[in-house]
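Peer 1: Just so it is clear, I am handing over model.cif, which has mmCIF, C-alpha atoms and all ligand atoms.
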```
data_entry
#
loop_
_atom_site.label_atom_id
_atom_site.label_comp_id
_atom_site.auth_asym_id
_atom_site.auth_seq_id
_atom_site.Cartn_x
_atom_site.Cartn_y
_atom_site.Cartn_z
CA MET G 1 19.69 -10.46 16.47
CA LYS G 2 19.25 -14.05 15.28
CA LEU G 3 15.82 -15.02 13.98
CA LEU G 4 14.23 -18.45 14.17
CA ALA G 5 12.09 -17.41 11.19
CA ASP G 6 15.27 -17.31 9.08
CA LEU G 7 15.64 -21.08 9.46
CA SER G 8 13.97 -23.71 7.33
CA TYR G 9 12.46 -26.70 9.12
CA ASP G 10 15.51 -28.81 8.27
CA GLU G 11 17.89 -26.13 9.50
CA LEU G 12 15.94 -25.92 12.73
CA LYS G 13 16.22 -29.70 13.20
CA GLU G 14 19.99 -29.53 12.71
CA LYS G 15 20.15 -26.67 15.16
CA MET G 16 18.28 -28.68 17.82
CA LEU G 17 20.57 -31.68 17.34
CA SER G 18 23.62 -29.43 17.61
CA ILE G 19 22.55 -28.19 21.05
CA GLY G 20 21.59 -31.65 22.29
CA GLU G 21 17.81 -31.25 21.97
CA LYS G 22 15.44 -33.84 20.52
CA PRO G 23 14.28 -33.31 16.90
CA PHE G 24 10.61 -32.98 17.93
CA ARG G 25 11.56 -29.68 19.57
CA ALA G 26 12.24 -28.35 16.08
CA GLU G 27 8.66 -29.06 15.11
CA GLN G 28 7.29 -27.35 18.21
CA ILE G 29 9.39 -24.26 17.59
CA TYR G 30 8.69 -24.22 13.87
CA LEU G 31 4.91 -24.42 14.30
CA GLY G 32 4.99 -21.79 17.06
CA VAL G 33 6.99 -19.36 14.91
CA MET G 34 4.72 -19.91 11.91
CA GLN G 35 1.68 -19.14 14.08
CA GLY G 36 3.18 -15.78 14.94
CA LYS G 37 4.25 -16.60 18.51
CA GLU G 38 7.28 -15.18 20.25
CA ILE G 39 9.61 -17.67 21.93
CA GLU G 40 8.09 -17.09 25.39
CA GLU G 41 4.61 -17.80 24.00
CA ILE G 42 5.39 -21.26 22.62
CA SER G 43 3.81 -23.19 25.48
CA THR G 44 5.01 -26.63 24.38
CA LEU G 45 8.69 -25.71 24.96
CA SER G 46 10.51 -26.35 28.21
CA ALA G 47 11.51 -23.28 30.20
CA SER G 48 15.18 -24.18 29.88
CA LEU G 49 15.06 -24.44 26.10
CA LYS G 50 13.30 -21.07 25.84
CA GLN G 51 15.94 -19.56 28.06
CA ASN G 52 18.76 -21.11 25.99
CA LEU G 53 17.35 -19.69 22.80
CA VAL G 54 16.93 -16.23 24.26
CA GLU G 55 20.44 -16.32 25.75
CA GLU G 56 21.82 -17.29 22.36
CA GLY G 57 20.28 -14.07 21.03
CA TYR G 58 17.30 -15.58 19.21
CA ALA G 59 13.86 -14.10 18.62
CA ALA G 60 11.04 -15.67 16.56
CA THR G 61 10.49 -13.03 13.88
CA GLY G 62 11.83 -10.17 15.97
CA MET G 63 8.99 -8.01 14.70
CA LYS G 64 5.55 -6.71 15.63
CA ILE G 65 2.63 -5.05 13.96
CA PHE G 66 3.26 -1.52 15.21
CA ARG G 67 0.10 -0.03 13.68
CA SER G 68 -2.67 -1.29 11.43
CA PHE G 69 -5.12 0.77 9.40
CA ARG G 70 -8.31 -0.82 8.14
CA SER G 71 -10.22 0.64 5.19
CA LYS G 72 -13.93 1.21 5.76
CA ILE G 73 -14.52 1.01 2.03
CA ASP G 74 -13.14 -2.43 1.13
CA ASP G 75 -11.58 -3.92 4.28
CA THR G 76 -8.04 -3.49 3.00
CA VAL G 77 -5.57 -3.39 5.91
CA LYS G 78 -2.31 -1.53 5.84
CA PHE G 79 0.34 -2.73 8.31
CA LEU G 80 3.28 -0.86 9.70
CA TYR G 81 5.70 -3.45 11.10
CA SER G 82 8.44 -2.56 13.56
CA LEU G 83 11.60 -4.65 13.34
CA TRP G 84 13.92 -5.68 16.17
CA ASP G 85 16.25 -2.73 15.54
CA GLY G 86 13.51 -0.09 15.40
CA ASP G 87 13.35 0.08 11.59
CA MET G 88 9.91 -0.10 10.03
CA VAL G 89 8.43 -1.58 6.89
CA GLU G 90 4.95 -1.64 5.37
CA GLY G 91 2.62 -4.29 4.07
CA VAL G 92 -0.88 -4.21 2.60
CA PHE G 93 -3.52 -6.92 2.93
CA MET G 94 -6.16 -6.91 0.18
CA ARG G 95 -9.24 -9.06 -0.24
CA TYR G 96 -10.02 -10.33 -3.72
CA LYS G 97 -12.56 -12.83 -4.99
CA TYR G 98 -9.86 -15.44 -5.59
CA GLY G 99 -8.22 -15.00 -2.19
CA ASN G 100 -6.40 -12.60 0.08
CA THR G 101 -3.21 -11.00 -1.12
CA LEU G 102 -0.46 -9.61 1.07
CA CYS G 103 1.95 -7.10 -0.43
CA VAL G 104 5.32 -7.41 1.36
CA SER G 105 8.46 -5.27 1.53
CA THR G 106 11.89 -6.72 0.80
CA GLN G 107 14.13 -3.87 1.96
CA VAL G 108 14.05 -0.95 4.37
CA GLY G 109 14.08 1.85 1.80
CA CYS G 110 15.39 1.26 -1.71
CA ARG G 111 18.33 2.43 -3.79
CA MET G 112 16.66 2.42 -7.20
CA ASN G 113 15.44 6.01 -6.76
CA CYS G 114 12.58 5.94 -9.29
CA ALA G 115 11.30 9.48 -9.82
CA PHE G 116 7.75 8.75 -8.64
CA CYS G 117 8.32 6.38 -5.72
CA ALA G 118 8.27 7.12 -1.98
CA SER G 119 10.38 4.09 -1.00
CA GLY G 120 13.60 5.45 -2.44
CA LEU G 121 13.35 8.96 -1.00
CA ASN G 122 16.09 8.32 1.58
CA GLY G 123 17.93 5.58 -0.25
CA LEU G 124 18.49 2.08 1.08
CA LYS G 125 18.70 1.62 4.83
CA ARG G 126 19.19 -2.15 4.90
CA ASN G 127 18.09 -5.45 3.43
CA LEU G 128 15.43 -7.52 5.16
CA SER G 129 16.42 -11.06 6.04
CA ALA G 130 14.38 -13.96 4.65
CA GLY G 131 12.74 -14.36 8.06
CA GLU G 132 11.78 -10.69 8.18
CA ILE G 133 9.99 -10.96 4.83
CA LEU G 134 8.35 -14.18 6.02
CA GLY G 135 7.48 -12.48 9.33
CA GLN G 136 5.26 -10.00 7.49
CA VAL G 137 3.22 -12.92 6.13
CA ILE G 138 3.16 -14.78 9.45
CA LEU G 139 1.91 -11.74 11.38
CA ALA G 140 -0.69 -10.72 8.78
CA ASN G 141 -2.04 -14.26 8.70
CA ALA G 142 -2.34 -14.38 12.50
CA PHE G 143 -3.80 -10.85 12.59
CA ASP G 144 -6.68 -11.92 10.37
CA GLY G 145 -7.35 -15.00 12.53
CA GLY G 146 -5.60 -17.47 10.25
CA ASP G 147 -3.49 -20.44 11.23
CA LEU G 148 -1.55 -23.04 9.24
CA LYS G 149 -4.57 -25.19 8.41
CA ASN G 150 -6.81 -22.27 7.57
CA ARG G 151 -4.54 -19.68 6.02
CA LYS G 152 -5.87 -16.15 5.53
CA VAL G 153 -3.02 -15.06 3.27
CA THR G 154 -3.32 -17.09 0.09
CA ASN G 155 -1.40 -14.87 -2.34
CA ILE G 156 1.71 -12.77 -2.01
CA VAL G 157 3.09 -9.94 -4.12
CA LEU G 158 6.63 -8.63 -3.62
CA MET G 159 5.61 -5.07 -4.38
CA GLY G 160 6.19 -3.22 -1.14
CA SER G 161 9.29 -1.18 -0.41
CA GLY G 162 12.53 -2.39 -1.91
CA GLU G 163 13.81 -4.02 -5.05
CA PRO G 164 13.56 -7.80 -4.55
CA LEU G 165 16.44 -8.66 -6.88
CA ASP G 166 18.71 -6.19 -5.07
CA ASN G 167 18.30 -8.46 -2.00
CA TYR G 168 18.68 -11.61 -4.02
CA GLU G 169 19.79 -14.32 -1.56
CA ASN G 170 17.27 -13.37 1.11
CA VAL G 171 14.37 -13.07 -1.31
CA VAL G 172 15.10 -16.47 -2.86
CA LYS G 173 15.33 -18.00 0.61
CA PHE G 174 12.06 -16.31 1.60
CA LEU G 175 10.31 -17.83 -1.43
CA ARG G 176 11.49 -21.29 -0.38
CA LEU G 177 10.53 -20.72 3.28
CA VAL G 178 7.02 -19.47 2.56
CA ASN G 179 6.48 -22.46 0.27
CA GLU G 180 7.48 -25.08 2.90
CA GLU G 181 4.83 -27.74 3.20
CA LYS G 182 4.98 -27.83 6.98
CA GLY G 183 4.72 -24.06 7.19
CA LEU G 184 2.63 -21.52 5.31
CA ASN G 185 2.79 -23.62 2.15
CA VAL G 186 1.99 -20.78 -0.28
CA SER G 187 2.34 -22.09 -3.80
CA TYR G 188 4.82 -20.33 -6.11
CA ARG G 189 2.03 -19.79 -8.60
CA ASN G 190 0.30 -17.57 -6.07
CA ILE G 191 3.35 -15.35 -5.66
CA SER G 192 4.26 -12.38 -7.89
CA LEU G 193 7.77 -11.03 -7.91
CA SER G 194 8.05 -7.47 -9.19
CA THR G 195 11.33 -6.01 -10.43
CA CYS G 196 12.48 -2.78 -12.02
CA GLY G 197 14.76 -5.02 -14.09
CA LEU G 198 18.06 -5.94 -12.44
CA LEU G 199 18.71 -8.33 -15.26
CA GLU G 200 21.99 -9.86 -14.18
CA LYS G 201 20.24 -11.07 -11.05
CA PHE G 202 17.15 -12.00 -13.01
CA ASP G 203 19.15 -14.42 -15.14
CA LEU G 204 20.32 -16.13 -11.95
CA PHE G 205 16.72 -16.16 -10.74
CA ILE G 206 15.50 -17.97 -13.86
CA GLU G 207 17.89 -20.80 -13.00
CA GLU G 208 16.42 -21.19 -9.49
CA ASP G 209 13.32 -22.80 -11.04
CA LEU G 210 10.85 -21.02 -8.77
CA PRO G 211 7.74 -20.72 -10.95
CA VAL G 212 6.41 -17.42 -9.61
CA THR G 213 4.53 -14.87 -11.72
CA MET G 214 7.05 -12.31 -12.99
CA THR G 215 6.09 -8.68 -13.05
CA PHE G 216 8.34 -6.12 -14.71
CA SER G 217 8.03 -2.45 -13.85
CA LEU G 218 8.26 -0.94 -17.28
CA HIS G 219 6.42 2.40 -16.93
CA ALA G 220 7.63 3.57 -20.34
CA ALA G 221 8.49 1.89 -23.63
CA ARG G 222 10.70 4.68 -24.93
CA ASP G 223 14.20 4.79 -23.47
CA GLU G 224 14.36 8.58 -23.31
CA VAL G 225 11.25 8.57 -21.10
CA ARG G 226 12.13 5.51 -19.00
CA SER G 227 15.64 6.80 -18.29
CA LYS G 228 14.16 10.01 -16.92
CA ILE G 229 11.88 8.27 -14.43
CA MET G 230 13.89 5.11 -13.70
CA PRO G 231 17.68 5.48 -13.30
CA VAL G 232 18.06 1.69 -13.71
CA ASN G 233 17.16 2.14 -17.38
CA LYS G 234 20.63 3.56 -18.05
CA LYS G 235 21.99 0.11 -17.28
CA TYR G 236 19.19 -2.12 -18.57
CA ALA G 237 17.15 -0.53 -21.35
CA VAL G 238 13.54 -1.18 -22.38
CA SER G 239 14.47 -3.75 -25.04
CA ASP G 240 16.68 -5.62 -22.53
CA VAL G 241 13.80 -5.85 -20.04
CA ILE G 242 11.38 -7.09 -22.68
CA ALA G 243 13.91 -9.65 -23.95
CA ALA G 244 14.32 -10.91 -20.36
CA ALA G 245 10.54 -11.22 -20.00
CA LYS G 246 10.51 -13.28 -23.18
CA ARG G 247 13.22 -15.58 -21.82
CA TYR G 248 11.10 -16.15 -18.73
CA PHE G 249 8.09 -16.99 -20.82
CA GLU G 250 10.10 -19.39 -23.00
CA LYS G 251 11.36 -21.20 -19.94
CA THR G 252 8.19 -21.28 -17.81
CA LYS G 253 5.34 -20.71 -20.30
CA ARG G 254 3.95 -18.37 -17.65
CA ARG G 255 2.47 -15.14 -18.90
CA VAL G 256 4.37 -12.11 -17.61
CA VAL G 257 2.97 -8.81 -16.43
CA PHE G 258 4.29 -5.37 -17.29
CA GLU G 259 3.47 -2.71 -14.76
CA TYR G 260 2.85 0.72 -16.14
CA SER G 261 2.10 3.58 -13.75
CA LEU G 262 0.54 6.40 -15.71
CA ILE G 263 2.10 9.81 -15.05
CA LYS G 264 0.32 12.83 -16.45
CA GLY G 265 2.14 14.27 -19.44
CA VAL G 266 5.15 11.98 -18.99
CA ASN G 267 4.32 8.49 -20.26
CA ASP G 268 0.61 8.60 -21.10
CA GLY G 269 0.54 9.94 -24.66
CA GLU G 270 -0.29 8.32 -27.98
CA LYS G 271 3.39 8.05 -28.83
CA ASP G 272 3.93 6.12 -25.59
CA ALA G 273 1.13 3.68 -26.32
CA ALA G 274 2.41 3.17 -29.87
CA ALA G 275 5.94 2.44 -28.64
CA LEU G 276 4.63 -0.12 -26.16
CA ILE G 277 2.47 -1.80 -28.79
CA GLU G 278 5.38 -2.03 -31.18
CA LYS G 279 7.58 -3.66 -28.53
CA VAL G 280 5.24 -6.26 -27.01
CA LYS G 281 2.69 -7.02 -29.69
CA GLY G 282 2.28 -10.77 -30.17
CA PHE G 283 4.01 -11.57 -26.88
CA PRO G 284 1.70 -13.25 -24.33
CA CYS G 285 1.72 -10.60 -21.60
CA ILE G 286 -0.62 -8.32 -19.70
CA VAL G 287 -0.01 -4.63 -19.19
CA ASN G 288 -1.20 -3.58 -15.75
CA LEU G 289 -1.99 0.12 -15.86
CA ILE G 290 -1.89 1.92 -12.53
CA VAL G 291 -2.84 5.53 -11.99
CA LEU G 292 0.20 6.98 -10.24
CA ASN G 293 -0.21 7.51 -6.53
CA TYR G 294 0.68 11.06 -5.69
CA VAL G 295 3.84 11.34 -3.56
CA LYS G 296 4.25 14.88 -2.26
CA GLU G 297 8.06 14.86 -2.22
CA ARG G 298 8.16 13.63 -5.81
CA GLY G 299 5.59 16.04 -7.18
CA LEU G 300 4.52 13.93 -10.18
CA GLU G 301 0.81 13.71 -10.93
CA GLY G 302 -1.18 10.70 -11.99
CA THR G 303 -3.12 10.55 -15.23
CA SER G 304 -6.88 10.90 -14.71
CA ARG G 305 -8.84 7.64 -14.58
CA LYS G 306 -10.62 8.65 -17.75
CA ASP G 307 -7.30 9.05 -19.58
CA ALA G 308 -6.09 5.77 -18.11
CA TYR G 309 -9.03 4.02 -19.79
CA ARG G 310 -8.25 5.88 -22.99
CA PHE G 311 -4.64 4.61 -22.82
CA GLN G 312 -5.94 1.10 -22.19
CA GLY G 313 -8.16 1.45 -25.27
CA LEU G 314 -5.17 2.43 -27.41
CA LEU G 315 -3.24 -0.64 -26.26
CA GLU G 316 -6.16 -3.00 -26.82
CA LYS G 317 -6.75 -1.57 -30.27
CA GLY G 318 -3.10 -2.31 -30.99
CA GLY G 319 -3.56 -5.92 -29.89
CA VAL G 320 -2.02 -5.62 -26.42
CA GLU G 321 -4.03 -6.85 -23.43
CA ALA G 322 -4.24 -4.26 -20.67
CA THR G 323 -6.10 -3.76 -17.40
CA VAL G 324 -6.51 -0.67 -15.25
CA ARG G 325 -5.85 -1.56 -11.63
CA ARG G 326 -8.66 -0.63 -9.32
CA THR G 327 -7.86 1.46 -6.29
CA MET G 328 -8.05 -0.29 -2.94
CA GLY G 329 -8.00 1.14 0.52
CA ALA G 330 -8.42 4.68 -0.79
CA ASP G 331 -9.21 6.01 2.69
CA ILE G 332 -6.09 4.54 4.34
CA GLU G 333 -4.01 5.59 1.44
CA GLY G 334 -0.36 6.45 1.30
CA ALA G 335 1.74 4.91 -1.45
CA CYS G 336 4.26 2.41 -0.19
CA GLY G 337 7.04 4.01 1.76
CA GLN G 338 4.93 6.98 2.86
CA LEU G 339 3.71 5.47 6.11
CA ARG G 340 7.18 4.48 7.13
CA ALA G 341 8.48 7.95 6.34
CA LYS G 342 5.73 9.43 8.49
CA TYR G 343 6.26 7.20 11.54
CA GLN G 344 9.97 6.45 11.53
CA ASP G 345 10.83 9.50 13.63
N1 LIG E 1 11.14 -2.58 -6.80
C1 LIG E 1 10.15 -3.41 -7.38
C2 LIG E 1 8.95 -3.71 -6.53
C3 LIG E 1 8.39 -2.66 -5.62
S1 LIG E 1 7.37 -1.38 -6.22
C4 LIG E 1 9.73 -2.88 -8.72
O1 LIG E 1 10.24 -1.85 -9.13
O2 LIG E 1 8.94 -3.51 -9.39
C5 LIG E 1 5.89 -2.08 -6.86
C6 LIG E 1 5.36 -1.28 -8.03
O3 LIG E 1 4.82 -0.01 -7.61
C7 LIG E 1 6.41 -0.97 -9.07
O4 LIG E 1 5.89 -1.17 -10.35
C8 LIG E 1 6.66 0.50 -8.82
O5 LIG E 1 7.25 1.14 -9.92
C9 LIG E 1 5.27 0.99 -8.49
N2 LIG E 1 5.20 2.30 -7.84
C10 LIG E 1 6.09 2.88 -7.04
N3 LIG E 1 5.67 4.10 -6.64
C11 LIG E 1 4.47 4.27 -7.19
C12 LIG E 1 3.51 5.33 -7.16
N4 LIG E 1 3.74 6.44 -6.47
N5 LIG E 1 2.37 5.16 -7.83
C13 LIG E 1 2.13 4.03 -8.53
N6 LIG E 1 2.99 3.01 -8.62
C14 LIG E 1 4.15 3.13 -7.96
#
```
For the file at hand, write its structure as structure tokens.
Ligand code: SAH
Peer 2:
Amino acid sequence: MKLLADLSYDELKEKMLSIGEKPFRAEQIYLGVMQGKEIEEISTLSASLKQNLVEEGYAATGMKIFRSFRSKIDDTVKFLYSLWDGDMVEGVFMRYKYGNTLCVSTQVGCRMNCAFCASGLNGLKRNLSAGEILGQVILANAFDGGDLKNRKVTNIVLMGSGEPLDNYENVVKFLRLVNEEKGLNVSYRNISLSTCGLLEKFDLFIEEDLPVTMTFSLHAARDEVRSKIMPVNKKYAVSDVIAAAKRYFEKTKRRVVFEYSLIKGVNDGEKDAAALIEKVKGFPCIVNLIVLNYVKERGLEGTSRKDAYRFQGLLEKGGVEATVRRTMGADIEGACGQLRAKYQD
């Protein structure tokens, strides 16, 4: 299936010219797609153009919100999107004081196979196209009553299923598409890209000059621990990841985030805090502590909240800034990848 959402505004204009349509048609299609309409629903288009597009095999985003779950506690919404081929991905919409954040997926499944994560349980199924990542934002925005002038999604985190840098071309194109002035126009500064540390790709990414917030999934500062829970550590070790974070800071002067999911008895001891302090002390970063979400198939348990605050205290005492992430949508819970696993059959 070909997706209109995969095309930038300029590409859409070229496409219209190539099939003998006037350039203003590109604008009509573009705005319709960005508002979450399917081709048939774009009322400004002529019937013949709609038919041509459909006959050529095009859809707008090719996806739908298959299910949504709204939290009664904090109004967080979890989306299960169905794609044109029947695959599913998840997204989470969270309300914060500074704006609304959508967490998007970049792949169906994941091949990183981290020991605590639900997304990698069945490996990688396929990459999402740029338009399928964008589609998650378009549909969430429309779902919450937003349009292009009054956007409901103001911030985006690439922290759903998948490893963004393992789907490099499509993720970079998505970042450019979602930033288009005529479209959703989300500023790079309001986007966080999270990676487990595919550093070869990261060095390419630095050169793209897309000033997003970089988030590195560290989860352990000792290699013997990190290698046990994150297979990627055998290729790119803790010191390599931290050196890459420092390169990003040097280039962008943007403070980086290290994610650290606390796993009971695995990475939450004094030795672990000391190793982290030793490695990042003096570097302008924030450690984002997350109590591990329990994933049945993985069987690893999260540290208690009390111990998470104790770990935070150790870091702060050592001169490292750390926050404990608050839990959102506790009643619609299911760590990323779990919903898909439950509904895919
Ligand atoms: N692949 C990317 C982004 C997706 S995951 C990455 O590794 O950064 C987003 C974050 O959630 C990562 O830090 C990931 O390690 C973390 N995560 C995955 N499963 C988790 C779980 N069960 N509990 C808490 N955090 C988890």
Peer 1: What are the closest atom pairs, with distances in Å to one decimal, for each residue of stretch 29-101 of chain G lying within 6 Å of stretch 151-168 of chain G, using all atoms listed in the file, rows by chain and rising residue number, as a tab-separated table?
Peer 2:
```
residue	atom	partner	partner_atom	distance
G:Gly99	CA	G:Thr154	CA	5.8
G:Asn100	CA	G:Val153	CA	5.3
G:Thr101	CA	G:Asn155	CA	4.4
```
Peer 1: Need to verify the contact set: G:Leu3, 9 Å, all atoms listed in the file, exclusion of same-chain residues closer than 3 positions in sequence. Can you return it as a PyMOL selection string?
Peer 2: chain G and resi 6-7+57-62+129+131-132
Peer 1: Could you list, as a list in words, all protein and nucleic acid residues with an atom at most 6 Å from ligand LIG 1 (chain E), counting only C-alpha atoms and all ligand atoms?
Peer 2: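 The neighbouring residues of ligand LIG 1 (chain E) are, in order, Phe116, Cys117, Met159, Gly160, Ser161, Gly162, Glu163, Ser194, Thr195, Cys196, Phe216, Ser217, Glu259, Ser261, Leu292, Asn293, Tyr294, Val295 and Ala335 of chain G.
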Peer 1: Which residue gives the smallest distance to G:Ile29 among G:Gly183, G:Arg95, G:Ala330, G:Thr215, with all atoms listed in the file counted?
Peer 2: G:Gly183
Peer 1: Which of these, G:Ile229, G:Met214, G:Val241, G:Val54, has the shortest distance to G:Glu200 once you count all atoms listed in the file?
Peer 2: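 That would be G:Val241, the residue with the smallest distance to G:Glu200.
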Peer 1: For atom CA of G:Arg305 and atom CA of G:Val324, quote the distance in Å rounded to one decimal.
Peer 2: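 Taking atom CA of G:Arg305 as the start and atom CA of G:Val324 as the end point, the length is 8.7 Å.
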Peer 1: Please determine, counting all atoms listed in the file, which residue among G:Lys235, G:Lys2, G:Arg67, G:Lys22 has the shortest atom-to-atom distance to G:Met112.
Peer 2: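 Once distances to G:Met112 are computed over all atoms listed in the file, the minimum belongs to G:Lys235.
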Peer 1: Contacts of G:Gly86 at 12 Å or less, counting only C-alpha atoms, minus same-chain residues fewer than 4 places along, as a PDB file with C-alpha atoms, in the coordinates of the input?
Peer 2:
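The resulting file, result25.pdb, is shown below:
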```
ATOM      1  CA  GLY G  62      11.830 -10.170  15.970  1.00  0.00           C
ATOM      2  CA  MET G  63       8.990  -8.010  14.700  1.00  0.00           C
ATOM      3  CA  LYS G  64       5.550  -6.710  15.630  1.00  0.00           C
ATOM      4  CA  PHE G  66       3.260  -1.520  15.210  1.00  0.00           C
ATOM      5  CA  LEU G  80       3.280  -0.860   9.700  1.00  0.00           C
ATOM      6  CA  TYR G  81       5.700  -3.450  11.100  1.00  0.00           C
ATOM      7  CA  SER G  82       8.440  -2.560  13.560  1.00  0.00           C
ATOM      8  CA  VAL G 108      14.050  -0.950   4.370  1.00  0.00           C
ATOM      9  CA  LYS G 125      18.700   1.620   4.830  1.00  0.00           C
ATOM     10  CA  ARG G 340       7.180   4.480   7.130  1.00  0.00           C
ATOM     11  CA  TYR G 343       6.260   7.200  11.540  1.00  0.00           C
ATOM     12  CA  GLN G 344       9.970   6.450  11.530  1.00  0.00           C
ATOM     13  CA  ASP G 345      10.830   9.500  13.630  1.00  0.00           C
TER      14      ASP G 345
END
```
Peer 1: Go through G:Leu31, G:Ala220, G:Leu139, G:Met88 one by one, measure the shortest atom-to-atom distance of each to G:Ser119 using only C-alpha atoms, and give the residue with the smallest value.
Peer 2: G:Met88
Peer 1: What does the structure give for the distance between atom CA of G:Leu204 and atom CA of G:Tyr188, in Å to one decimal?
Peer 2: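 Between these atoms lies a distance of 17.1 Å.
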Peer 1: Point out the residue among G:Gly32, G:Gly145, G:Gly123, G:Gly318 with the least atom-to-atom distance to G:Ala275, counting only C-alpha atoms.
Peer 2: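 For G:Ala275, the nearest of the given residues is G:Gly318.
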Peer 1: Atom CA of G:Val266 to atom CA of G:Glu224: how many Å, to one decimal?
Peer 2: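 Between these atoms lies a distance of 10.7 Å.
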Peer 1: Considering all atoms listed in the file, return as a ChimeraX atom specification whatever protein or nucleic-acid residues lie within 10 Å of G:His219, sequence-local ones (same chain, fewer than 2 positions apart) excluded.
Peer 2: /G:196,216-217,221-222,225-226,229-230,238,258-263,266-268,272,276,287-290
Peer 1: Kindly list the centre and edge lengths in Å, rounded to one decimal, for the axis-aligned box that covers all listed atoms of stretch 184-196 of chain G plus 6 Å on each of its six sides, as AutoDock Vina command-line options.
Peer 2:
```
--center_x 6.4 --center_y -13.2 --center_z -3.4 --size_x 24.2 --size_y 32.8 --size_z 29.3
```
Peer 1: Pick from G:Leu121, G:Ile277, G:Val186, G:Val291: nearest to G:Asn141, with all atoms listed in the file counted?
Peer 2: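 Ranked by minimum distance to G:Asn141, first place goes to G:Val186.
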Peer 1: Mind filling out stretch 164-176 of chain G with N, CA and C atoms and sending it as a PDB file, keeping the file's coordinate frame?
Peer 2:
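Result saved to result-v1.pdb:
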```pdb
ATOM      1  N   PRO G 164      13.292  -6.414  -4.945  1.00  0.00           N
ATOM      2  CA  PRO G 164      13.560  -7.800  -4.550  1.00  0.00           C
ATOM      3  C   PRO G 164      14.892  -8.353  -5.074  1.00  0.00           C
ATOM      4  N   LEU G 165      15.221  -8.053  -6.316  1.00  0.00           N
ATOM      5  CA  LEU G 165      16.440  -8.660  -6.880  1.00  0.00           C
ATOM      6  C   LEU G 165      17.714  -7.976  -6.397  1.00  0.00           C
ATOM      7  N   ASP G 166      17.557  -6.845  -5.693  1.00  0.00           N
ATOM      8  CA  ASP G 166      18.710  -6.190  -5.070  1.00  0.00           C
ATOM      9  C   ASP G 166      19.005  -6.820  -3.703  1.00  0.00           C
ATOM     10  N   ASN G 167      18.125  -7.723  -3.267  1.00  0.00           N
ATOM     11  CA  ASN G 167      18.300  -8.460  -2.000  1.00  0.00           C
ATOM     12  C   ASN G 167      18.135  -9.941  -2.340  1.00  0.00           C
ATOM     13  N   TYR G 168      18.911 -10.356  -3.325  1.00  0.00           N
ATOM     14  CA  TYR G 168      18.680 -11.610  -4.020  1.00  0.00           C
ATOM     15  C   TYR G 168      18.621 -12.849  -3.113  1.00  0.00           C
ATOM     16  N   GLU G 169      19.702 -13.076  -2.353  1.00  0.00           N
ATOM     17  CA  GLU G 169      19.790 -14.320  -1.560  1.00  0.00           C
ATOM     18  C   GLU G 169      18.619 -14.435  -0.583  1.00  0.00           C
ATOM     19  N   ASN G 170      18.323 -13.327   0.088  1.00  0.00           N
ATOM     20  CA  ASN G 170      17.270 -13.370   1.110  1.00  0.00           C
ATOM     21  C   ASN G 170      15.890 -13.548   0.499  1.00  0.00           C
ATOM     22  N   VAL G 171      15.672 -12.935  -0.659  1.00  0.00           N
ATOM     23  CA  VAL G 171      14.370 -13.070  -1.310  1.00  0.00           C
ATOM     24  C   VAL G 171      14.174 -14.509  -1.803  1.00  0.00           C
ATOM     25  N   VAL G 172      15.206 -15.083  -2.374  1.00  0.00           N
ATOM     26  CA  VAL G 172      15.100 -16.470  -2.860  1.00  0.00           C
ATOM     27  C   VAL G 172      14.855 -17.412  -1.663  1.00  0.00           C
ATOM     28  N   LYS G 173      15.562 -17.152  -0.568  1.00  0.00           N
ATOM     29  CA  LYS G 173      15.330 -18.000   0.610  1.00  0.00           C
ATOM     30  C   LYS G 173      13.909 -17.812   1.145  1.00  0.00           C
ATOM     31  N   PHE G 174      13.445 -16.569   1.170  1.00  0.00           N
ATOM     32  CA  PHE G 174      12.060 -16.310   1.600  1.00  0.00           C
ATOM     33  C   PHE G 174      11.072 -17.113   0.757  1.00  0.00           C
ATOM     34  N   LEU G 175      11.255 -17.108  -0.562  1.00  0.00           N
ATOM     35  CA  LEU G 175      10.310 -17.830  -1.430  1.00  0.00           C
ATOM     36  C   LEU G 175      10.275 -19.309  -1.054  1.00  0.00           C
ATOM     37  N   ARG G 176      11.451 -19.868  -0.760  1.00  0.00           N
ATOM     38  CA  ARG G 176      11.490 -21.290  -0.380  1.00  0.00           C
ATOM     39  C   ARG G 176      10.840 -21.495   0.991  1.00  0.00           C
TER      40      ARG G 176
END
```
